[in-house]
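Okay, target36.tsv now, which holds TSV, C-alpha atoms and all ligand atoms:
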```
chain	number	residue	atom	x	y	z
A	142	MET	CA	106.86	96.92	120.28
A	143	HIS	CA	106.10	94.87	123.37
A	144	ASP	CA	103.02	92.70	123.66
A	145	GLU	CA	103.21	93.09	127.43
A	146	GLN	CA	101.80	95.80	129.65
A	147	ALA	CA	103.48	98.15	132.08
A	148	LEU	CA	102.46	100.18	135.09
A	149	VAL	CA	104.27	103.46	135.73
A	150	ILE	CA	104.50	104.96	139.21
A	151	PHE	CA	103.63	108.48	138.22
A	152	SER	CA	103.83	111.70	140.24
A	153	GLY	CA	103.65	114.24	137.41
A	154	GLY	CA	107.25	115.33	137.99
A	155	GLN	CA	110.09	115.45	135.48
A	156	ASP	CA	111.43	111.97	136.20
A	157	SER	CA	108.22	109.99	136.22
A	158	THR	CA	106.92	111.88	133.17
A	159	THR	CA	110.09	110.94	131.27
A	160	CYS	CA	109.44	107.31	132.31
A	161	LEU	CA	105.78	107.53	131.27
A	162	ILE	CA	106.58	108.83	127.79
A	163	GLN	CA	109.35	106.26	127.33
A	164	ALA	CA	106.91	103.50	128.37
A	165	VAL	CA	104.28	104.69	125.90
A	166	ARG	CA	106.89	104.52	123.14
A	167	GLN	CA	108.19	101.13	124.24
A	168	TYR	CA	104.99	99.27	125.16
A	169	GLY	CA	102.42	101.18	123.13
A	170	ARG	CA	99.84	103.56	124.52
A	171	GLY	CA	97.14	100.95	125.13
A	172	ASN	CA	99.55	98.82	127.15
A	173	VAL	CA	100.57	101.45	129.69
A	174	GLN	CA	98.81	102.45	132.87
A	175	ALA	CA	99.84	104.94	135.52
A	176	VAL	CA	99.37	104.90	139.27
A	177	THR	CA	99.55	108.14	141.25
A	178	PHE	CA	99.67	108.34	145.03
A	179	ARG	CA	98.05	110.94	147.19
A	180	TYR	CA	99.79	110.91	150.57
A	181	GLY	CA	99.23	114.34	151.99
A	182	GLN	CA	101.48	116.35	149.67
A	183	ARG	CA	101.33	120.01	150.53
A	184	HIS	CA	100.28	120.97	147.04
A	185	ASP	CA	97.47	119.80	144.82
A	186	ILE	CA	99.30	121.30	141.85
A	187	GLU	CA	101.41	118.12	141.62
A	188	LEU	CA	98.35	115.88	141.41
A	189	GLU	CA	96.72	118.20	138.88
A	190	CYS	CA	99.85	118.06	136.65
A	191	ALA	CA	99.85	114.27	136.86
A	192	ARG	CA	96.19	114.08	135.86
A	193	ARG	CA	96.69	116.37	132.88
A	194	ILE	CA	99.84	114.63	131.62
A	195	ALA	CA	98.25	111.16	131.80
A	196	ALA	CA	95.30	112.51	129.80
A	197	ASP	CA	97.63	114.16	127.24
A	198	TRP	CA	99.33	110.83	126.58
A	199	GLY	CA	96.15	108.77	126.61
A	200	VAL	CA	97.28	106.74	129.62
A	201	ARG	CA	94.75	105.34	132.07
A	202	GLN	CA	95.56	106.72	135.51
A	203	THR	CA	94.56	105.36	138.89
A	204	VAL	CA	94.92	107.66	141.90
A	205	LEU	CA	95.38	105.86	145.20
A	206	ASP	CA	94.93	107.52	148.56
A	207	LEU	CA	97.79	106.80	150.96
A	208	SER	CA	97.09	109.75	153.22
A	209	VAL	CA	97.09	107.26	156.12
A	210	MET	CA	100.85	108.03	156.00
A	211	LYS	CA	100.08	111.26	157.84
A	212	GLN	CA	98.99	109.23	160.86
A	213	VAL	CA	102.44	107.71	161.29
A	214	THR	CA	104.95	110.22	159.96
A	215	HIS	CA	105.39	113.90	159.29
A	216	ASN	CA	107.83	115.71	157.08
A	217	ALA	CA	108.40	118.94	155.22
A	218	LEU	CA	106.65	117.72	152.06
A	219	MET	CA	103.48	117.17	154.02
A	220	ASP	CA	103.57	119.90	156.66
A	221	GLU	CA	102.20	123.26	155.62
A	222	GLY	CA	104.74	125.95	156.41
A	223	ALA	CA	107.66	123.68	157.33
A	224	GLU	CA	110.96	124.85	155.95
A	225	ILE	CA	112.90	122.52	153.67
A	226	GLN	CA	116.35	121.76	155.04
A	227	THR	CA	119.05	119.14	154.92
A	228	ALA	CA	119.78	117.50	158.26
A	229	SER	CA	123.31	116.87	159.54
A	230	ASN	CA	123.09	113.24	158.37
A	231	GLY	CA	122.65	114.51	154.79
A	232	VAL	CA	119.03	113.41	154.47
A	233	PRO	CA	116.69	116.27	153.55
A	234	ASN	CA	113.63	116.71	155.76
A	235	THR	CA	111.52	116.06	152.66
A	236	PHE	CA	112.32	112.36	153.02
A	237	VAL	CA	109.25	110.27	153.90
A	238	ASP	CA	110.13	107.03	155.70
A	239	GLY	CA	108.95	104.00	153.78
A	240	ARG	CA	107.43	105.93	150.91
A	241	ASN	CA	108.92	104.04	147.98
A	242	ALA	CA	108.40	100.70	149.71
A	243	LEU	CA	104.71	101.53	150.11
A	244	PHE	CA	104.40	102.87	146.57
A	245	LEU	CA	105.95	99.74	145.11
A	246	LEU	CA	103.81	97.48	147.28
A	247	TYR	CA	100.54	99.12	146.27
A	248	ALA	CA	101.65	99.41	142.65
A	249	ALA	CA	102.43	95.68	142.63
A	250	ILE	CA	99.09	94.68	144.16
A	251	TYR	CA	97.29	96.76	141.54
A	252	ALA	CA	99.55	95.55	138.71
A	253	LYS	CA	98.89	91.91	139.53
A	254	SER	CA	95.13	92.53	139.54
A	255	GLN	CA	95.54	93.86	135.98
A	256	ASN	CA	97.85	91.00	134.88
A	257	ILE	CA	100.73	93.47	134.59
A	258	ARG	CA	104.23	92.24	135.37
A	259	HIS	CA	106.31	95.29	134.50
A	260	ILE	CA	106.47	98.13	137.02
A	261	ILE	CA	108.39	101.28	136.11
A	262	THR	CA	109.63	103.83	138.62
A	263	GLY	CA	111.72	106.95	138.04
A	264	VAL	CA	113.87	106.65	141.16
A	265	CYS	CA	117.49	107.58	140.68
A	266	GLU	CA	120.56	107.23	142.83
A	267	THR	CA	122.92	109.37	140.74
A	268	ASP	CA	121.95	112.82	141.92
A	269	PHE	CA	121.58	111.09	145.25
A	270	SER	CA	119.67	113.33	147.61
A	271	GLY	CA	120.24	110.97	150.52
A	272	TYR	CA	117.00	109.05	150.09
A	273	PRO	CA	117.80	105.42	151.02
A	274	ASP	CA	114.76	104.07	149.14
A	275	CYS	CA	115.98	105.49	145.82
A	276	ARG	CA	118.99	103.19	145.80
A	277	ASP	CA	119.25	100.34	143.32
A	278	VAL	CA	119.97	97.87	146.13
A	279	PHE	CA	116.65	98.77	147.77
A	280	VAL	CA	114.66	98.40	144.55
A	281	LYS	CA	116.24	95.01	143.83
A	282	SER	CA	115.48	93.83	147.35
A	283	MET	CA	111.89	95.05	147.07
A	284	ASN	CA	111.53	93.26	143.73
A	285	VAL	CA	112.48	89.96	145.37
A	286	THR	CA	110.16	90.65	148.30
A	287	LEU	CA	107.19	91.40	146.04
A	288	ASN	CA	107.77	88.32	143.91
A	289	LEU	CA	107.83	86.16	147.04
A	290	ALA	CA	104.91	87.96	148.68
A	291	MET	CA	102.57	87.46	145.72
A	292	ASP	CA	104.21	84.50	143.95
A	293	TYR	CA	104.35	86.56	140.78
A	294	ALA	CA	107.23	87.44	138.44
A	295	PHE	CA	107.22	91.21	138.77
A	296	GLN	CA	109.98	93.09	137.01
A	297	ILE	CA	110.69	96.51	138.43
A	298	HIS	CA	112.36	98.79	135.88
A	299	THR	CA	114.32	101.89	136.88
A	300	PRO	CA	115.36	103.51	133.59
A	301	LEU	CA	116.75	106.62	135.28
A	302	MET	CA	118.68	104.87	138.08
A	303	TYR	CA	122.16	105.83	136.85
A	304	LEU	CA	121.36	108.96	134.85
A	305	THR	CA	122.30	112.46	135.97
A	306	LYS	CA	119.61	115.13	135.71
A	307	ALA	CA	121.37	116.41	132.58
A	308	GLN	CA	121.16	112.92	131.06
A	309	THR	CA	117.47	112.68	131.95
A	310	TRP	CA	116.90	115.94	130.05
A	311	ALA	CA	118.92	114.48	127.15
A	312	LEU	CA	116.64	111.44	127.13
A	313	ALA	CA	113.59	113.71	127.02
A	314	ASP	CA	115.13	115.60	124.12
A	315	GLU	CA	115.87	112.36	122.23
A	316	MET	CA	112.20	111.46	122.58
A	317	GLY	CA	111.26	114.91	121.25
A	318	CYS	CA	109.55	115.97	124.45
A	319	LEU	CA	112.01	118.23	126.26
A	320	ASP	CA	109.78	121.29	125.89
A	321	TYR	CA	106.70	119.32	126.87
A	322	ILE	CA	108.34	118.10	130.08
A	323	ARG	CA	109.77	121.51	130.82
A	324	GLU	CA	106.38	123.17	130.55
A	325	HIS	CA	104.04	120.54	131.95
A	326	THR	CA	105.81	118.81	134.82
A	327	HIS	CA	105.93	119.93	138.39
A	328	THR	CA	108.78	119.21	140.77
A	329	CYS	CA	108.89	122.28	143.04
A	330	TYR	CA	108.76	121.49	146.76
A	331	ASN	CA	107.17	124.89	147.38
A	332	GLY	CA	104.33	124.25	144.95
A	333	THR	CA	105.13	127.29	142.82
A	334	ALA	CA	103.78	126.88	139.28
A	335	GLY	CA	106.76	126.99	136.91
A	336	GLY	CA	109.11	126.39	139.86
A	337	CYS	CA	110.32	128.67	142.66
A	338	GLY	CA	113.92	128.31	141.45
A	339	GLU	CA	115.17	128.06	145.02
A	340	CYS	CA	114.12	124.80	146.65
A	341	PRO	CA	116.50	121.78	146.34
A	342	SER	CA	114.25	120.18	143.74
A	343	CYS	CA	114.11	123.29	141.52
A	344	VAL	CA	117.86	123.84	141.88
A	345	LEU	CA	118.63	120.24	140.81
A	346	ARG	CA	116.24	120.43	137.89
A	347	GLU	CA	117.51	123.78	136.59
A	348	LYS	CA	121.16	122.86	137.08
A	349	GLY	CA	120.63	119.64	135.09
A	350	LEU	CA	118.83	121.48	132.31
A	351	ALA	CA	121.53	124.17	132.11
A	352	GLU	CA	124.22	121.46	131.96
A	353	TYR	CA	122.43	119.60	129.20
A	354	LEU	CA	121.75	122.71	127.13
A	355	ALA	CA	125.38	123.81	127.51
A	356	GLU	CA	126.62	120.38	126.32
A	357	LYS	CA	124.22	120.43	123.41
A	358	ALA	CA	125.38	123.88	122.32
A	359	VAL	CA	129.02	122.70	121.98
B	401	ZN	ZN	110.95	125.05	143.94
```
Could you take the file, read its structure, and then write that structure out as structure tokens?
Amino acid sequence: MHDEQALVIFSGGQDSTTCLIQAVRQYGRGNVQAVTFRYGQRHDIELECARRIAADWGVRQTVLDLSVMKQVTHNALMDEGAEIQTASNGVPNTFVDGRNALFLLYAAIYAKSQNIRHIITGVCETDFSGYPDCRDVFVKSMNVTLNLAMDYAFQIHTPLMYLTKAQTWALADEMGCLDYIREHTHTCYNGTAGGCGECPSCVLREKGLAEYLAEKAV
């Protein structure tokens, strides 16, 4: 068990919930905090899931309002009624410019104020959806930037960076929380409780789960 503390960037989705539970096991419940960002998501259901999961695991959660984002950018995650599509450059219109840079910056400012060095984020470049700020090279560059900006030895951890969705489900299963994550996390772009089964996020999640369960059955 670690004697250090960690801050998890926590949306209430499958990936960040897997990271949160792993952090609780690794650092100990009292040493883990979560930070959740409100930035004009279309659906409150995501924030509600995050609140409930943090409470379930006894993790102190701080919700930060970044809805100022809406003043400078719009996308399908934030616009009511916009259809979710993939543009010709391969980047889905759910991409929010600068989002992970902002999240990491605010997480780091908060972490330092709490004497926390370890920041955990569930970004992943394996099932790459074309989001440039989910790449390992971006996270490493941001880590250097934050350390220089605040003269502090932050360590950003990305435990899911090279895992497929199936492997992320396997990790959840190893920790004994596959069913918990399946039932309590929210990842649907359309905000449908239990998942719409059709949006890119639901498709990726279900495909990964089916792959993992098929492997396990062999
Ligand atoms: Zn969906």
Might you pull out every residue within 8 Å of Ala147 of chain A, with all atoms listed in the file counted and same-chain residues fewer than 6 positions away left off, and present them as a PyMOL selection string? chain A and resi 164+168+172-174+257-261
Which of A:Met316, A:Gly154, A:Leu304, A:Asp274 sits closest to Gln167 of chain A [using all atoms listed in the file]: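 Going through A:Met316, A:Gly154, A:Leu304, A:Asp274 one by one, the smallest distance to Gln167 of chain A is for A:Met316.
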Cut-off 10 Å, only C-alpha atoms and all ligand atoms, neighbours of ligand ZN 401 (chain B) as a VMD selection string: chain A and resid 327 to 347
Would you mind listing, for every residue of segment 152-264 of chain A within 10 Å of segment 283-303 of chain A, the two atoms forming the shortest contact and the distance between them in Å to one decimal, using only C-alpha atoms, sorted by chain and ascending residue number, as JSON lines?
```
{"residue": "A:Asp156", "atom": "CA", "partner": "A:Leu301", "partner_atom": "CA", "distance": 7.6}
{"residue": "A:Ser157", "atom": "CA", "partner": "A:Leu301", "partner_atom": "CA", "distance": 9.2}
{"residue": "A:Thr159", "atom": "CA", "partner": "A:Leu301", "partner_atom": "CA", "distance": 8.9}
{"residue": "A:Cys160", "atom": "CA", "partner": "A:Pro300", "partner_atom": "CA", "distance": 7.2}
{"residue": "A:Gln163", "atom": "CA", "partner": "A:Pro300", "partner_atom": "CA", "distance": 9.1}
{"residue": "A:Ala164", "atom": "CA", "partner": "A:Pro300", "partner_atom": "CA", "distance": 9.9}
{"residue": "A:Asn241", "atom": "CA", "partner": "A:Met283", "partner_atom": "CA", "distance": 9.5}
{"residue": "A:Ala242", "atom": "CA", "partner": "A:Met283", "partner_atom": "CA", "distance": 7.1}
{"residue": "A:Leu245", "atom": "CA", "partner": "A:Met283", "partner_atom": "CA", "distance": 7.8}
{"residue": "A:Leu246", "atom": "CA", "partner": "A:Leu287", "partner_atom": "CA", "distance": 7.1}
{"residue": "A:Ala249", "atom": "CA", "partner": "A:Leu287", "partner_atom": "CA", "distance": 7.3}
{"residue": "A:Ile250", "atom": "CA", "partner": "A:Met291", "partner_atom": "CA", "distance": 8.2}
{"residue": "A:Ala252", "atom": "CA", "partner": "A:Phe295", "partner_atom": "CA", "distance": 8.8}
{"residue": "A:Lys253", "atom": "CA", "partner": "A:Tyr293", "partner_atom": "CA", "distance": 7.7}
{"residue": "A:Asn256", "atom": "CA", "partner": "A:Tyr293", "partner_atom": "CA", "distance": 9.8}
{"residue": "A:Ile257", "atom": "CA", "partner": "A:Phe295", "partner_atom": "CA", "distance": 8.0}
{"residue": "A:Arg258", "atom": "CA", "partner": "A:Phe295", "partner_atom": "CA", "distance": 4.6}
{"residue": "A:His259", "atom": "CA", "partner": "A:Gln296", "partner_atom": "CA", "distance": 5.0}
{"residue": "A:Ile260", "atom": "CA", "partner": "A:Ile297", "partner_atom": "CA", "distance": 4.7}
{"residue": "A:Ile261", "atom": "CA", "partner": "A:His298", "partner_atom": "CA", "distance": 4.7}
{"residue": "A:Thr262", "atom": "CA", "partner": "A:Thr299", "partner_atom": "CA", "distance": 5.4}
{"residue": "A:Gly263", "atom": "CA", "partner": "A:Leu301", "partner_atom": "CA", "distance": 5.7}
{"residue": "A:Val264", "atom": "CA", "partner": "A:Met302", "partner_atom": "CA", "distance": 6.0}
```
Please produce a file of those selected residues containing C-alpha atoms, as a tab-separated table (two decimals), in the frame of the given file.
```tsv
chain	number	residue	atom	x	y	z
A	156	ASP	CA	111.43	111.97	136.20
A	157	SER	CA	108.22	109.99	136.22
A	159	THR	CA	110.09	110.94	131.27
A	160	CYS	CA	109.44	107.31	132.31
A	163	GLN	CA	109.35	106.26	127.33
A	164	ALA	CA	106.91	103.50	128.37
A	241	ASN	CA	108.92	104.04	147.98
A	242	ALA	CA	108.40	100.70	149.71
A	245	LEU	CA	105.95	99.74	145.11
A	246	LEU	CA	103.81	97.48	147.28
A	249	ALA	CA	102.43	95.68	142.63
A	250	ILE	CA	99.09	94.68	144.16
A	252	ALA	CA	99.55	95.55	138.71
A	253	LYS	CA	98.89	91.91	139.53
A	256	ASN	CA	97.85	91.00	134.88
A	257	ILE	CA	100.73	93.47	134.59
A	258	ARG	CA	104.23	92.24	135.37
A	259	HIS	CA	106.31	95.29	134.50
A	260	ILE	CA	106.47	98.13	137.02
A	261	ILE	CA	108.39	101.28	136.11
A	262	THR	CA	109.63	103.83	138.62
A	263	GLY	CA	111.72	106.95	138.04
A	264	VAL	CA	113.87	106.65	141.16
```
If I take atom CA of Asp185 of chain A and atom CA of Gly153 of chain A, how far is one from the other in Å, to one decimal?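 Computing the Euclidean distance for atom CA of Asp185 of chain A and atom CA of Gly153 of chain A yields 11.1 Å.
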Report as a VMD selection string all protein, DNA and RNA residues lying within 8 Å of Thr203 of chain A, evaluated on all atoms listed in the file, omitting residues in the same chain fewer than 4 positions from it. chain A and resid 174 to 177
Can you tell me, as an MDAnalysis selection string, what residues are no more than 10 Å from Arg179 of chain A when counting all atoms listed in the file, ignoring any on the same chain fewer than 3 positions away? chainID A and resid 152 182 185 187:188 204:210
